[in-house]
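Okay, structure first, notes after.
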Amino acid sequence: MVTRNRYMDMALEEARAAAARGEVPVGAVLVDRTSGEVLAQDGNRTRELHDPTAHAETLVIRRACAERGSERLGGTDLFVTLEPCPFCAAAIAAARIDRVYYGAADPKSGGIEQGPRIFSHPQAHHVPEIYGGIGEAAAADLLRSFFAGRR
């Protein structure tokens with residue numbers, strides 16, 4: 001659990017950095033399961049890059065795939081501060097990530113345990129292990145305070 005918390009703390013730092021850039025505060029860290037090496041980490045950059053697909057999850061997936069020279073990321077764990085949306089869940093499946101650890105649930109836009117539940121669909125090609133609620137309070141507080149400041 002200590003190691004998982006360390007990676008989620010890193011994801012929370014990326015989320016805080018995203019908030020400081022005016023982005024929705026979501027951060028992600030992709031880790032090699034065998035070595036524990038962090039392969040990529042980032043926060044949302046949709047506004048900065050003018051790219052609606054520049055979610056934290058897709059940014060780390062893209063970076064790790066480029067580094068590995070492969071579209072597959074087997075043997076990896078993804079830590080993300082917010083339950084991935086359906087778009088990101090599909091990218092996680094396509095990349096064949098082994099495990100997803102997320103902080104706060106997303107009742108409005110989630111795609112794993114809320115909403116369309118991408119991995120529960122019978123046509124899902126790959127279903128990672130899912131662990132929710134890791135660092136949930138900190139992730140939820142960060143999101144709440146970010147959006148409260150926008151209202």
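By convention here, the chains of the structure tokens are called A, B, ... in the order presented, each chain's residues are numbered starting at 1, and ligands are numbered starting at 1 in the order presented.
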
Residue neighbourhood A:Val80, 7 Å, only C-alpha atoms, exclusion window fewer than 6 positions, as a VMD selection string: chain A and resid 8 11 27 to 29 101 to 103

Members of chain A assigned helix (DSSP H, G or I) by DSSP, as a ChimeraX atom specification: /A:2-20,46-49,56-68,86-95,118-120,136-148

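Each of A:Thr3, A:Gln41, A:Thr81, A:Thr53 was checked against A:Leu142 using only C-alpha atoms; the smallest atom-to-atom distance is that of A:Thr81.
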
Which of stretch 42-140 of chain A DSSP labels strand (DSSP E or B), written as a VMD selection string: chain A and resid 42 to 43 76 to 82 99 to 104 129 to 132

All residues 12 Å or closer to A:Phe146, only C-alpha atoms, same chain fewer than 5 positions away omitted, as a list of chain:residue names: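 My list of contacting residues is A:Ala15, A:Arg16, A:Ala17, A:Ala18, A:Ala19, A:Ala20, A:Arg21, A:Gly22, A:Glu23, A:Val24, A:Pro25, A:Val26, A:Ala139, A:Ala140, A:Asp141, A:Arg151.
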
Output the selection as an mmCIF file, in the first residue's frame - C-alpha atoms for each residue.
```
data_model
loop_
_atom_site.group_PDB
_atom_site.id
_atom_site.type_symbol
_atom_site.label_atom_id
_atom_site.label_comp_id
_atom_site.auth_asym_id
_atom_site.auth_seq_id
_atom_site.Cartn_x
_atom_site.Cartn_y
_atom_site.Cartn_z
ATOM 1 C CA ALA A 15 -3.129 17.331 -10.699
ATOM 2 C CA ARG A 16 -2.097 20.339 -8.601
ATOM 3 C CA ALA A 17 0.234 21.477 -11.379
ATOM 4 C CA ALA A 18 -2.633 21.131 -13.870
ATOM 5 C CA ALA A 19 -4.855 23.276 -11.649
ATOM 6 C CA ALA A 20 -2.116 25.913 -11.467
ATOM 7 C CA ARG A 21 -2.165 25.982 -15.295
ATOM 8 C CA GLY A 22 -5.943 26.496 -15.257
ATOM 9 C CA GLU A 23 -6.646 22.901 -16.281
ATOM 10 C CA VAL A 24 -9.099 20.549 -14.598
ATOM 11 C CA PRO A 25 -6.904 19.066 -11.847
ATOM 12 C CA VAL A 26 -6.372 15.480 -12.949
ATOM 13 C CA ALA A 139 -8.349 14.002 -5.101
ATOM 14 C CA ALA A 140 -11.985 14.920 -4.399
ATOM 15 C CA ASP A 141 -10.976 17.946 -2.293
ATOM 16 C CA ARG A 151 -18.279 29.397 -9.799
#
```

Coordinates-based distance that separates atom CA of A:Ile130 from atom CA of A:Val100 (Å, one decimal):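 Distance between the two atoms: 5.0 Å.
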
For stretch 42-90 of chain A against stretch 104-126 of chain A, with a cut-off of 7 Å and counting only C-alpha atoms, what is the closest atom pair and its distance in Å to one decimal for every residue that makes the cut, ordered by chain and number, as a Markdown table?
```
| residue | atom | partner | partner_atom | distance |
| --- | --- | --- | --- | --- |
| A:Thr81 | CA | A:Ala104 | CA | 6.2 |
| A:Leu82 | CA | A:Ala104 | CA | 4.8 |
| A:Glu83 | CA | A:Ala105 | CA | 5.1 |
| A:Pro84 | CA | A:Gly110 | CA | 5.7 |
| A:Cys85 | CA | A:Gly111 | CA | 4.4 |
| A:Pro86 | CA | A:Gly111 | CA | 4.1 |
| A:Ala89 | CA | A:Gly111 | CA | 6.3 |
| A:Ala90 | CA | A:Ile118 | CA | 7.0 |
```
